[in-house]
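For reference, the structure discussed in these notes is given below.
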Amino acid sequence: MKLYETYDASGIGYQKLFDFKSWRIAKLNYIQELDMKHLNFIECHLETDEVFVLLNGSCDMFLMTNENPRTFDHFKLEQHKIYRIPKGVYHAHALSEDAQLLIVEEDDTCDGNSDRIYLNEDEMKQLQALSQGDVK
């Protein structure tokens, strides 16, 4: 019997590492669609909270605070702190090229039980301004 397992969290994008009962452990590393210049959506998970731990690099987290008109809040994740985004909260994250995130969520989290809103150009610019601290 093997007494431990190891998982490689390198590479790009999202990858499920393992699951236990109803929970999934995954990694999210830089991928172009999550670069601040390309971020064009915000999403929420309808059935599960989501936990993020920044292991390396930087990550800007955006939360939608109002749907009509859409307004956003912003904070930068600090390495090795644990952040929980409750189910139903719209969120998006922009990653630096060296970013590595650990993610914990329900194993059945998928497009079928999540919602994604695509942002217009003005909203994308608003997120970029928030990330640069250039909010008026």
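In the structure tokens, the first chain shown is A, the next is B, and so on; residue numbers restart at 1 for each chain, and ligands run from 1 in the order shown.
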Taking the DSSP assignment computed from this structure's backbone, write out as a short mmCIF file (atom, residue, chain, number, x, y, z; two decimals) with C-alpha atoms, in the first residue's frame all residues of segment 91-132 of chain A that belong to strand (DSSP E).
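Once everything was written out, this is states_37.cif:
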```
data_model
loop_
_atom_site.label_atom_id
_atom_site.label_comp_id
_atom_site.auth_asym_id
_atom_site.auth_seq_id
_atom_site.Cartn_x
_atom_site.Cartn_y
_atom_site.Cartn_z
CA HIS A 91 -16.36 36.48 -9.56
CA ALA A 92 -13.50 36.57 -12.02
CA HIS A 93 -9.77 36.41 -11.64
CA ALA A 94 -6.89 37.72 -13.72
CA LEU A 95 -3.57 35.92 -13.41
CA GLN A 100 -0.36 29.25 -9.57
CA LEU A 101 -3.66 28.85 -7.70
CA LEU A 102 -4.92 25.92 -5.67
CA ILE A 103 -8.71 25.53 -5.95
CA VAL A 104 -11.10 23.54 -3.77
CA GLU A 105 -14.71 23.10 -4.91
CA GLU A 106 -17.47 20.51 -5.19
CA SER A 114 -22.65 27.69 -13.01
CA ASP A 115 -23.53 30.93 -14.76
CA ARG A 116 -21.22 33.08 -16.88
CA ILE A 117 -21.82 36.68 -17.92
CA TYR A 118 -19.76 38.07 -20.77
#
```
Exercise. Please return as a PyMOL selection string: the residues of chain A that backbone DSSP assigns to alpha helix (DSSP H).
Key: chain A and resi 121-131
Would you mind exporting the chosen residues as a PDB file, in the first residue's frame, restricted to N, CA and C atoms?
```
ATOM      1  N   GLU A 121     -17.109  45.928 -23.603  1.00  0.00           N
ATOM      2  CA  GLU A 121     -15.810  46.600 -23.621  1.00  0.00           C
ATOM      3  C   GLU A 121     -15.647  47.589 -22.467  1.00  0.00           C
ATOM      4  N   ASP A 122     -16.698  48.346 -22.157  1.00  0.00           N
ATOM      5  CA  ASP A 122     -16.630  49.295 -21.044  1.00  0.00           C
ATOM      6  C   ASP A 122     -16.413  48.576 -19.713  1.00  0.00           C
ATOM      7  N   GLU A 123     -17.073  47.440 -19.515  1.00  0.00           N
ATOM      8  CA  GLU A 123     -16.911  46.674 -18.272  1.00  0.00           C
ATOM      9  C   GLU A 123     -15.500  46.082 -18.178  1.00  0.00           C
ATOM     10  N   MET A 124     -14.973  45.628 -19.313  1.00  0.00           N
ATOM     11  CA  MET A 124     -13.599  45.117 -19.319  1.00  0.00           C
ATOM     12  C   MET A 124     -12.623  46.228 -18.942  1.00  0.00           C
ATOM     13  N   LYS A 125     -12.846  47.429 -19.453  1.00  0.00           N
ATOM     14  CA  LYS A 125     -11.986  48.569 -19.110  1.00  0.00           C
ATOM     15  C   LYS A 125     -12.132  48.924 -17.632  1.00  0.00           C
ATOM     16  N   GLN A 126     -13.344  48.793 -17.096  1.00  0.00           N
ATOM     17  CA  GLN A 126     -13.564  49.064 -15.679  1.00  0.00           C
ATOM     18  C   GLN A 126     -12.743  48.099 -14.818  1.00  0.00           C
ATOM     19  N   LEU A 127     -12.717  46.802 -15.188  1.00  0.00           N
ATOM     20  CA  LEU A 127     -11.922  45.832 -14.441  1.00  0.00           C
ATOM     21  C   LEU A 127     -10.433  46.156 -14.540  1.00  0.00           C
ATOM     22  N   GLN A 128      -9.993  46.533 -15.735  1.00  0.00           N
ATOM     23  CA  GLN A 128      -8.582  46.890 -15.910  1.00  0.00           C
ATOM     24  C   GLN A 128      -8.215  48.089 -15.040  1.00  0.00           C
ATOM     25  N   ALA A 129      -9.103  49.077 -14.980  1.00  0.00           N
ATOM     26  CA  ALA A 129      -8.835  50.254 -14.137  1.00  0.00           C
ATOM     27  C   ALA A 129      -8.782  49.855 -12.661  1.00  0.00           C
ATOM     28  N   LEU A 130      -9.680  48.990 -12.241  1.00  0.00           N
ATOM     29  CA  LEU A 130      -9.655  48.509 -10.848  1.00  0.00           C
ATOM     30  C   LEU A 130      -8.335  47.818 -10.539  1.00  0.00           C
ATOM     31  N   SER A 131      -7.849  46.998 -11.469  1.00  0.00           N
ATOM     32  CA  SER A 131      -6.614  46.248 -11.221  1.00  0.00           C
ATOM     33  C   SER A 131      -5.405  47.169 -11.131  1.00  0.00           C
TER      34      SER A 131
END
```
Quiz item: Could you pull the residues within 9 Å of segment 75-90 of chain A, counting only C-alpha atoms, minus those fewer than 2 positions along the same chain, as a ChimeraX atom specification?
Solution: /A:42-65,73,92,114-117,130-131
Next, dump the selected residues to file, keeping only C-alpha atoms, as a PDB file, in the first residue's frame.
```pdb
ATOM      1  CA  ILE A  42     -17.488  36.885 -14.743  1.00  0.00           C
ATOM      2  CA  GLU A  43     -19.039  33.704 -13.355  1.00  0.00           C
ATOM      3  CA  CYS A  44     -20.769  32.240 -10.332  1.00  0.00           C
ATOM      4  CA  HIS A  45     -21.221  28.703  -9.125  1.00  0.00           C
ATOM      5  CA  LEU A  46     -24.804  28.029  -8.138  1.00  0.00           C
ATOM      6  CA  GLU A  47     -24.262  24.966  -5.942  1.00  0.00           C
ATOM      7  CA  THR A  48     -20.890  25.333  -4.250  1.00  0.00           C
ATOM      8  CA  ASP A  49     -18.502  27.710  -2.577  1.00  0.00           C
ATOM      9  CA  GLU A  50     -15.066  27.941  -4.153  1.00  0.00           C
ATOM     10  CA  VAL A  51     -11.782  28.248  -2.281  1.00  0.00           C
ATOM     11  CA  PHE A  52      -8.620  29.825  -3.714  1.00  0.00           C
ATOM     12  CA  VAL A  53      -5.055  29.748  -2.400  1.00  0.00           C
ATOM     13  CA  LEU A  54      -2.461  31.742  -4.329  1.00  0.00           C
ATOM     14  CA  LEU A  55       0.767  29.738  -4.345  1.00  0.00           C
ATOM     15  CA  ASN A  56       2.830  31.866  -6.720  1.00  0.00           C
ATOM     16  CA  GLY A  57       2.595  35.004  -8.835  1.00  0.00           C
ATOM     17  CA  SER A  58      -0.311  37.398  -8.567  1.00  0.00           C
ATOM     18  CA  CYS A  59      -4.064  37.198  -8.948  1.00  0.00           C
ATOM     19  CA  ASP A  60      -6.586  40.035  -9.183  1.00  0.00           C
ATOM     20  CA  MET A  61     -10.023  38.954  -7.945  1.00  0.00           C
ATOM     21  CA  PHE A  62     -13.139  40.793  -9.106  1.00  0.00           C
ATOM     22  CA  LEU A  63     -16.578  40.449  -7.537  1.00  0.00           C
ATOM     23  CA  MET A  64     -19.775  41.742  -9.111  1.00  0.00           C
ATOM     24  CA  THR A  65     -21.526  43.849  -6.478  1.00  0.00           C
ATOM     25  CA  ASP A  73     -15.198  45.247  -6.363  1.00  0.00           C
ATOM     26  CA  ALA A  92     -13.499  36.575 -12.019  1.00  0.00           C
ATOM     27  CA  SER A 114     -22.654  27.692 -13.012  1.00  0.00           C
ATOM     28  CA  ASP A 115     -23.530  30.929 -14.764  1.00  0.00           C
ATOM     29  CA  ARG A 116     -21.224  33.075 -16.882  1.00  0.00           C
ATOM     30  CA  ILE A 117     -21.824  36.682 -17.923  1.00  0.00           C
ATOM     31  CA  LEU A 130      -9.655  48.509 -10.848  1.00  0.00           C
ATOM     32  CA  SER A 131      -6.614  46.248 -11.221  1.00  0.00           C
TER      33      SER A 131
END
```
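Going from atom CA of His74 of chain A to atom CA of Gln132 of chain A covers 10.2 Å.
Interatomic distance, atom CA of Glu97 of chain A to atom CA of Thr109 of chain A: 25.2 Å.
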Exercise. Could you please determine the separation between atom CA of Lys2 of chain A and atom CA of Lys16 of chain A in Å, to one decimal place?
Key: 20.9 Å
